[in-house]
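Q: This is the structure, below, for whatever I ask next.
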Protein chains: 2
Amino acid sequence: MHRVRVRVVEDALDANNTIARANREDFDRAGVTVVNLMSAPGAGKTTLLERALPGLDGVRAGVLEGDVQGSLDADRLAAVHVPVVQLNTGAGFGGECHLDANMVRSALAALPLDDIELLVVENVGNLVCPAEFRIGEDARVMISSVTEGEDKPLKYPLMFRACELVIVNKIDLLPHLDFDLDRFLYHLEAVHPGVEHLLVSARTGEGMDAFRHWLVQAAARAKEPV
Amino acid sequence: MHRVRVRVVEDALDANNTIARANREDFDRAGVTVVNLMSAPGAGKTTLLERALPGLDGVRAGVLEGDVQGSLDADRLAAVHVPVVQLNTGAGFGGECHLDANMVRSALAALPLDDIELLVVENVGNLVCPAEFRIGEDARVMISSVTEGEDKPLKYPLMFRACELVIVNKIDLLPHLDFDLDRFLYHLEAVHPGVEHLLVSARTGEGMDAFRHWLVQAAARAKEPV
């Protein structure tokens, strides 16, 4: 009997991952660390970046701003002198609810990669699909606002697993909410054991130094010789 | 010369709309008004329903609960004695970030249509894709939490246009936020002129009577003879 050995070539036909790898190579060549920042709408991604990026202790940062349409967030970041490129999923990409590697690739030429060491990609506000698409990033960070409730890690586990850092934002509102922080952290640990988290209020500045330190360290790590 | 007249059959191949119409006919036959409730994650859909549905003044209401996975929200609603059916997009539907007409159709047999006059379909928490899929509903309601910021109508215009009622929730937090309600309402009017809105705190109960009244009226309208 003749045996045919079927070799399973996993991932080989996944166009998104192929393009994400090409993005990553371009980012590595330019010495730019890339952070994919994800959250639900209104969790505070833009406010966090407005406050964090101008004070990064020598690390020059830029932003690729993903939105279905408009440039409201990009305008806010430009106002604090952060170089920013707007990427709209509505125009050429069918109004997608997430960024993918090909969209990011389309923006590469517009990015000032030679002038920055850190690029933050602000994804479309959504807790489902952005977690499914790598874009060529070094690290994924997600923000969960305490106003969203302590059950969110259990309801969107893929998102909470698909990141190296969870920022718990808007902690200045804790006295006014029925939000049990210990219970949230217990749920987070259940879906992503050992994941790092930071307690932050982008509004008051509490915890922001720790996030800036995390970004500076991430940029330094990526530039170490392999 | 022979002229060929090309007749454009719009929508004819849109399977979702075809199935949505079939759902709507089944709901109409059962005399059930269907409300599609949409919002970002954590805007307060479930809390709103927990507080509103048990006190509907003779209108018996049920819920079809849409989530990527789990049954946390359905369990909360069952606890306040609202008949509820859980529909997970993760199991058979590829982890979709929205409900569509076929998913709702798959749940029809499990719904107690003969025992209720009002069915609220709690969509997956997402401000993008749920707005693109009709499910056979009579009305679409979306919740925007004041914690999400006053720019949301401009960033997710399709969602804010695709509804007959906008509930502005968590107004008890207004004293603790940099949220300009007038500016939010100005943006809402810009993207969806004339749309009805209600100011609500599901937590404190403020404005909830107006929402209950809206639901009772919607149920009465749908049962009028055509």
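Letters A, B, ... mark the chains of the structure tokens in the order given; residue numbers begin at 1 per chain; ligand numbers begin at 1, in order shown.
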Taking only C-alpha atoms into account, report as an MDAnalysis selection string which residues of chain A lie within 9 Å of chain B.
A: chainID A and resid 40:44 67:72 95:97 125:129 145 147:149 151:152 154:157 172:173 176:177
Q: At a cut-off of 12 Å, using only C-alpha atoms, what residues contact Glu117 in chain B? Leave out same-chain residues fewer than 6 positions from it and give the result as number ranges by chain.
A: B: 27-35, 53, 56-63, 83, 111, 215-223
Q: Keeping only C-alpha atoms, take the residues you just selected and write them out as a PDB file, in the first residue's frame.
A:
```pdb
ATOM      1  CA  PHE B  27     -43.147  38.354  14.348  1.00  0.00           C
ATOM      2  CA  ASP B  28     -46.145  40.157  12.837  1.00  0.00           C
ATOM      3  CA  ARG B  29     -48.151  36.951  12.709  1.00  0.00           C
ATOM      4  CA  ALA B  30     -47.455  36.407  16.409  1.00  0.00           C
ATOM      5  CA  GLY B  31     -48.327  40.041  17.178  1.00  0.00           C
ATOM      6  CA  VAL B  32     -44.909  40.663  18.692  1.00  0.00           C
ATOM      7  CA  THR B  33     -43.154  44.040  18.446  1.00  0.00           C
ATOM      8  CA  VAL B  34     -39.394  43.627  18.034  1.00  0.00           C
ATOM      9  CA  VAL B  35     -36.827  46.183  19.177  1.00  0.00           C
ATOM     10  CA  LEU B  53     -38.832  45.248  31.377  1.00  0.00           C
ATOM     11  CA  LEU B  56     -44.101  47.485  31.554  1.00  0.00           C
ATOM     12  CA  ASP B  57     -47.673  47.969  32.620  1.00  0.00           C
ATOM     13  CA  GLY B  58     -49.291  44.845  31.215  1.00  0.00           C
ATOM     14  CA  VAL B  59     -46.974  44.394  28.228  1.00  0.00           C
ATOM     15  CA  ARG B  60     -45.228  41.039  28.500  1.00  0.00           C
ATOM     16  CA  ALA B  61     -41.657  41.308  27.251  1.00  0.00           C
ATOM     17  CA  GLY B  62     -38.963  38.794  26.365  1.00  0.00           C
ATOM     18  CA  VAL B  63     -35.324  39.152  25.405  1.00  0.00           C
ATOM     19  CA  PRO B  83     -38.079  35.170  29.580  1.00  0.00           C
ATOM     20  CA  LEU B 111     -38.529  32.159  21.501  1.00  0.00           C
ATOM     21  CA  LEU B 215     -41.674  50.655  24.843  1.00  0.00           C
ATOM     22  CA  VAL B 216     -45.372  50.378  25.749  1.00  0.00           C
ATOM     23  CA  GLN B 217     -46.264  52.777  22.915  1.00  0.00           C
ATOM     24  CA  ALA B 218     -44.091  50.856  20.444  1.00  0.00           C
ATOM     25  CA  ALA B 219     -45.834  47.603  21.417  1.00  0.00           C
ATOM     26  CA  ALA B 220     -49.293  49.230  21.019  1.00  0.00           C
ATOM     27  CA  ARG B 221     -48.410  50.697  17.592  1.00  0.00           C
ATOM     28  CA  ALA B 222     -47.326  47.357  16.195  1.00  0.00           C
ATOM     29  CA  LYS B 223     -50.567  45.688  17.266  1.00  0.00           C
TER      30      LYS B 223
END
```
Q: Within 8 Å of Pro54 in chain A, counting only C-alpha atoms, which residues qualify if same-chain residues fewer than 2 places away don't, as a list in words?
A: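 Within the cut-off, the hits are Glu50, Arg51, Ala52, Leu56, Ala61, Val80, His81 and Val82 of chain A.
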Q: Nearest to Phe160 in chain A: which of A:Leu48, A:Ala139, A:Met38, A:Ala107 is it, counting only C-alpha atoms?
A: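 With only C-alpha atoms as the atom set, the closest residue is A:Met38.
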Q: Step one, run DSSP on the backbone; step two, keep only residues of range 53-158 of chain A assigned to alpha helix (DSSP H); then write them as a list in words.
A: Leu72, Asp73, Ala74, Asp75, Arg76, Leu77, Ala78, Ala79, Ala101, Asn102, Met103, Val104, Arg105, Ser106, Ala107, Lys152, Pro153, Leu154, Lys155, Pro157 and Leu158 of chain A
Q: Write out, as a compact mmCIF listing (two decimals), in the first residue's frame, the residues just selected, with N, CA, C and O atoms.
A:
```txt
# COMPACT_ATOMS: atom_id res chain seq x y z
N LEU A 72 -11.19 63.23 13.64
CA LEU A 72 -11.31 63.94 14.92
C LEU A 72 -10.16 63.63 15.86
O LEU A 72 -9.56 64.53 16.47
N ASP A 73 -9.82 62.33 16.00
CA ASP A 73 -8.78 61.95 16.94
C ASP A 73 -7.40 62.37 16.43
O ASP A 73 -6.55 62.81 17.21
N ALA A 74 -7.19 62.23 15.12
CA ALA A 74 -5.91 62.66 14.54
C ALA A 74 -5.70 64.15 14.76
O ALA A 74 -4.59 64.60 15.08
N ASP A 75 -6.77 64.93 14.62
CA ASP A 75 -6.65 66.38 14.84
C ASP A 75 -6.24 66.67 16.28
O ASP A 75 -5.43 67.57 16.55
N ARG A 76 -6.81 65.91 17.23
CA ARG A 76 -6.48 66.11 18.64
C ARG A 76 -4.99 65.82 18.89
O ARG A 76 -4.32 66.54 19.64
N LEU A 77 -4.48 64.78 18.26
CA LEU A 77 -3.08 64.41 18.48
C LEU A 77 -2.14 65.39 17.79
O LEU A 77 -1.08 65.73 18.33
N ALA A 78 -2.52 65.84 16.59
CA ALA A 78 -1.70 66.83 15.90
C ALA A 78 -1.59 68.10 16.75
O ALA A 78 -0.54 68.76 16.77
N ALA A 79 -2.65 68.42 17.49
CA ALA A 79 -2.66 69.63 18.31
C ALA A 79 -1.62 69.55 19.44
O ALA A 79 -1.18 70.58 19.94
N ALA A 101 -3.70 44.04 8.43
CA ALA A 101 -2.31 44.29 8.02
C ALA A 101 -2.24 45.05 6.69
O ALA A 101 -1.36 45.90 6.51
N ASN A 102 -3.17 44.77 5.80
CA ASN A 102 -3.11 45.42 4.49
C ASN A 102 -3.45 46.91 4.58
O ASN A 102 -2.86 47.73 3.87
N MET A 103 -4.38 47.26 5.44
CA MET A 103 -4.69 48.68 5.65
C MET A 103 -3.46 49.41 6.19
O MET A 103 -3.12 50.51 5.73
N VAL A 104 -2.82 48.79 7.17
CA VAL A 104 -1.62 49.42 7.75
C VAL A 104 -0.53 49.53 6.69
O VAL A 104 0.15 50.56 6.57
N ARG A 105 -0.41 48.48 5.85
CA ARG A 105 0.59 48.51 4.78
C ARG A 105 0.33 49.68 3.82
O ARG A 105 1.26 50.33 3.34
N SER A 106 -0.95 49.92 3.54
CA SER A 106 -1.31 51.02 2.64
C SER A 106 -0.88 52.37 3.19
O SER A 106 -0.72 53.33 2.45
N ALA A 107 -0.71 52.45 4.52
CA ALA A 107 -0.34 53.72 5.14
C ALA A 107 1.16 53.87 5.34
O ALA A 107 1.64 54.94 5.71
N LYS A 152 -16.34 42.48 31.55
CA LYS A 152 -15.87 42.54 30.17
C LYS A 152 -14.83 41.48 29.80
O LYS A 152 -14.89 40.95 28.67
N PRO A 153 -13.87 41.12 30.68
CA PRO A 153 -12.94 40.04 30.28
C PRO A 153 -13.67 38.73 29.96
O PRO A 153 -13.26 38.00 29.05
N LEU A 154 -14.76 38.46 30.67
CA LEU A 154 -15.50 37.21 30.42
C LEU A 154 -16.31 37.29 29.13
O LEU A 154 -16.54 36.28 28.47
N LYS A 155 -16.73 38.51 28.75
CA LYS A 155 -17.57 38.63 27.57
C LYS A 155 -16.75 38.77 26.28
O LYS A 155 -17.24 38.44 25.20
N PRO A 157 -13.26 37.56 25.79
CA PRO A 157 -11.99 36.95 26.23
C PRO A 157 -10.88 37.01 25.18
O PRO A 157 -9.71 37.17 25.52
N LEU A 158 -11.26 36.91 23.89
CA LEU A 158 -10.22 36.93 22.86
C LEU A 158 -9.43 38.24 22.93
O LEU A 158 -8.20 38.26 22.87
```
Q: Just to confirm, what's the straight-line distance from CA of Asp209 in chain B to CA of Leu49 in chain B in Å (one decimal)?
A: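 The value is 12.4 Å.
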Q: In Å to one decimal, how far is CA of Asp100 in chain A from CA of Ile19 in chain A?
A: 9.1 Å
Q: According to DSSP computed on the backbone, where in range 144-223 of chain A is there strand (DSSP E)? Give the residues as an NGL selection string.
A: :A and (144-145 or 165-169 or 196-199)
Q: Could you dump the residues just selected with N, CA, C and O atoms as an mmCIF file, in the first residue's frame?
A:
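File produced: out23.cif:
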```cif
data_model
loop_
_atom_site.group_PDB
_atom_site.id
_atom_site.type_symbol
_atom_site.label_atom_id
_atom_site.label_comp_id
_atom_site.auth_asym_id
_atom_site.auth_seq_id
_atom_site.Cartn_x
_atom_site.Cartn_y
_atom_site.Cartn_z
ATOM 1 N N SER A 144 -9.415 49.001 29.060
ATOM 2 C CA SER A 144 -10.766 48.705 29.533
ATOM 3 C C SER A 144 -11.132 49.809 30.517
ATOM 4 O O SER A 144 -10.418 50.045 31.487
ATOM 5 N N SER A 145 -12.219 50.523 30.226
ATOM 6 C CA SER A 145 -12.643 51.586 31.130
ATOM 7 C C SER A 145 -13.493 50.995 32.252
ATOM 8 O O SER A 145 -14.320 50.107 32.014
ATOM 9 N N LEU A 165 -0.547 43.977 27.582
ATOM 10 C CA LEU A 165 -0.790 44.931 28.669
ATOM 11 C C LEU A 165 -2.259 45.342 28.639
ATOM 12 O O LEU A 165 -2.793 45.668 27.576
ATOM 13 N N VAL A 166 -2.883 45.339 29.812
ATOM 14 C CA VAL A 166 -4.258 45.838 29.945
ATOM 15 C C VAL A 166 -4.219 47.113 30.783
ATOM 16 O O VAL A 166 -3.710 47.109 31.909
ATOM 17 N N ILE A 167 -4.718 48.195 30.215
ATOM 18 C CA ILE A 167 -4.816 49.456 30.952
ATOM 19 C C ILE A 167 -6.243 49.608 31.460
ATOM 20 O O ILE A 167 -7.190 49.605 30.673
ATOM 21 N N VAL A 168 -6.374 49.700 32.777
ATOM 22 C CA VAL A 168 -7.691 49.913 33.386
ATOM 23 C C VAL A 168 -7.831 51.413 33.576
ATOM 24 O O VAL A 168 -7.196 52.003 34.444
ATOM 25 N N ASN A 169 -8.647 52.041 32.725
ATOM 26 C CA ASN A 169 -8.694 53.507 32.644
ATOM 27 C C ASN A 169 -9.916 54.079 33.379
ATOM 28 O O ASN A 169 -10.839 53.358 33.724
ATOM 29 N N GLU A 196 0.041 41.577 32.419
ATOM 30 C CA GLU A 196 0.355 42.807 33.133
ATOM 31 C C GLU A 196 -0.821 43.781 33.029
ATOM 32 O O GLU A 196 -1.493 43.833 32.007
ATOM 33 N N HIS A 197 -1.063 44.551 34.093
ATOM 34 C CA HIS A 197 -2.091 45.598 34.005
ATOM 35 C C HIS A 197 -1.624 46.855 34.729
ATOM 36 O O HIS A 197 -0.769 46.798 35.612
ATOM 37 N N LEU A 198 -2.171 47.990 34.312
ATOM 38 C CA LEU A 198 -1.895 49.282 34.945
ATOM 39 C C LEU A 198 -3.213 49.966 35.265
ATOM 40 O O LEU A 198 -4.129 49.960 34.445
ATOM 41 N N LEU A 199 -3.300 50.557 36.449
ATOM 42 C CA LEU A 199 -4.483 51.338 36.828
ATOM 43 C C LEU A 199 -4.196 52.793 36.510
ATOM 44 O O LEU A 199 -3.208 53.351 36.995
#
```
Q: Which one is closest to Asp26 in chain A: A:Leu87, A:Gly92, A:Asp114, A:Gly66? Count only C-alpha atoms.
A: A:Asp114
Q: Could you list, as a count of residues only, every residue within 7 Å of Gly136 in chain B, counting only C-alpha atoms and ignoring same-chain residues fewer than 3 positions away?
A: 5
Q: Need to verify the contact set: Gly194 in chain A, 12 Å, only C-alpha atoms, exclusion of same-chain residues closer than 4 positions in sequence. Can you return it as a ChimeraX atom specification?
A: /A:160-161,163-166,185-190
Q: Quick one: distance from CA of Asp138 in chain A to CA of His192 in chain A in Å, one decimal?
A: 18.5 Å
